[in-house]
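Chemist: Can you read through this structure? Questions will come right after.
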Amino acid sequence: MPPAILLGTFEFHWQGCVLISRLVRLNEEREAQKAWRLTKPGAAPVVEEILKREFLKPAMARDRESRELRFILRFAKSEVLYYRSQDSWASLSLDGPIDRDLLPQLPILRKHHIHENFEALKARRLPKGERAFDSTRSSGTTGRPTKVLFSQHASLMFGLLAQRPHRWARFDPSWKQAIIRLPQDLPRRRDSSVLADGETCRSQGWQYIKLWFHTGPMVGFNRTNSADAQVEWLRAERPQFLVSFPGTLEILVYASQGKPVDSLRALRSISATLTEGMRDRVEQATRLPVYQSYGLNEIGIVAHRCESGRYHVNAEHCLVEIVDEAGSPCRAGETGRILVTGLTNYAMPLIRYDTGDLGVAMEGGCDCGRTLPSFGTVFGRYRPMHHAPEGTAGRVNLIQRTIEELPLDALTGLREYQLHQYRDESFELRLVIQDEGDNRLEEAVHKAWDTQKDNPPPLRIVRVGQVSASPGGKQQEFTSDFFPPLHEKP
């Protein structure tokens with residue numbers, strides 16, 4: 001047989017195997033979905049579309065993305081004053097087929113643009129059947145909270161997309177969910193006031209997901225309670241899975257010297273960056289998997305981390321770019337800024353929105369078999385580090401790595417920590433320690449710091465009663481006097 005025919009035969013068989021593999025995986029997910037009973041049976045076709053979207057042929061996925069992107073761009077250009085008034089948008093041709101390669105022609109939207117142009121970013125009219133439904137605010141971790149108006153479609157998608165990673169992880173929907181979050185992010189009391197420390201909020205279903213699916217109960221507890229109170233609460237409530245911030249999961253491991261309660265089957269990290277070191281420490285100490293999604297209040301849930309370590313984008317809801325400093329696409333393996341374009345929020349379309357986070361660009365298929373667009377490791381906030389002296393990021397990572405690599409019994413008393421950088425470039429490590437604690441922590445940090453080769457600035461270690469939180473109430477493992485005041489633009 002001629003080589004060309006042999007090659008063609010090989011490609012045919014290879015493509016056939018890939019197709020069969022996708023069909024097998026899709027059917028597996030359909031079976032897993034059967035455990036989730038809908039509260040609204042009429043939503044079954046929507047759920048089926050979400051399932052099929054995970055395993056589309058690459059060409060079909062690109063066509064779908066192109067149509068959705070073209071629609072939101074045409075809508076934004078027509079109905080949103082902020083975009084209509086810009087020259088780059090005025091010269092943009094959206095008549096024919098388009099794809100994501102067109103996006104670098106458009107300017108990047110930053111947080112301060114939303115603060116300064118809130119009214120101009122609101123659509124003057126919405127598509128038929130849509131209405132302005134809700135508004136959200138970012139947590140303000142690194143500055144002023146960012147308010148965004150949502151349309152009904154975008155808001156209602158949240159619960160459906162929140163269920164996706166639970167199905168991937170094969171969670172039992174009858175499990176009891178425990179959530180430890182900031183008071184403003186937990187369900188309110190009947191009088192609309194926030195939960196007080198020491199109190200428990202209770203619901204007959206999981207937060208957000210109960211709108212669409214029947215689930216077991218949910219209990220919530222404030223992150224502002226002490227770590228020891230949180231451990232005691234978990235042991236009293238005995239949930240099957242816990243949702244909280246990465247730093248909270250880590251501190252709970254230190255406080256309990258392992259799994260906080262033996263009823264736990266899985267952990268889910270939210271909101272902040274979960275480093276690989278933190279993941280390894282928590283998973284080794286608890287012998288439980290830690291699942292993570294990536295999202296932001298201004299957009300919603302952007303992506304979910306699969307078992308192969310990639311973040312797969314919720315393509316029916318948004319589009320993600322990983323770009324360099326010039327706003328151009330990064331090559332595979334490169335680290336760049338994460339930009340997100342919302343595809344479903346017509347009330348206030350955010351196009352090429354700069355999340356303030358760094359991620360790794362990826363291409364090609366994922367070992368998990370899903371064909372949703374994906375990116376690699378998320379490294380968290382990048383913008384403040386531009387203002388700090390050279391070498392700051394390395395020193396922050398050194399402290400974090402040193403703590404993560406200590407044996408668990410050396411961290412028995414640790415309840416929280418924060419590294420601060422002063423204007424004279426010196427550092428202060430603030431430790432919240434229960435009782436006397438263990439001197440091995442301070443000794444290891446001093447040793448690691450003093451063995452740096454580039455004449456490091458002074459480091460002081462102090463024990464404090466508490467450490468400061470961000471304006472939004474989140475934990476901040478690193479702060480710096482070099483970071484700009486909250487009212488300044490990045």
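Just remember, in the structure tokens the first chain shown is A, the second B, etc., residues are 1-based per chain, and ligands are 1-based in the order shown.
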Fewer than 3 positions away in the same chain doesn't count, so skip those; otherwise give me all residues within 8 Å of region 325-335 of chain A, counting only C-alpha atoms, as a ChimeraX atom specification.
Modeler: /A:104,108,321-322,358-363
Chemist: Counting only C-alpha atoms, what is within 12 Å of Glu31 (chain A), bar same-chain residues fewer than 6 positions away, as a PyMOL selection string?
Modeler: chain A and resi 24-25+48+51+167-168+170
Chemist: Write out as a list in words which residues come within 8 Å of Gly369 (chain A) when counting only C-alpha atoms, dropping same-chain ones fewer than 6 positions away.
Modeler: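 Near neighbours after the sequence-gap exclusion: Ser21, Arg22, Arg25 and Phe55 of chain A.
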Chemist: Using DSSP on the backbone coordinates, identify the residues of region 134-296 of chain A assigned to strand (DSSP E or B); present them as number ranges by chain.
Modeler: A: 134-137, 147-151, 177-181, 201-203, 213, 218-222, 241-244, 266-269, 290-296
Chemist: I need the residues of region 12-71 of chain A that end up classed as alpha helix (DSSP H) by DSSP on the backbone, written out as a PyMOL selection string.
Modeler: chain A and resi 12-33+44-53+58-71
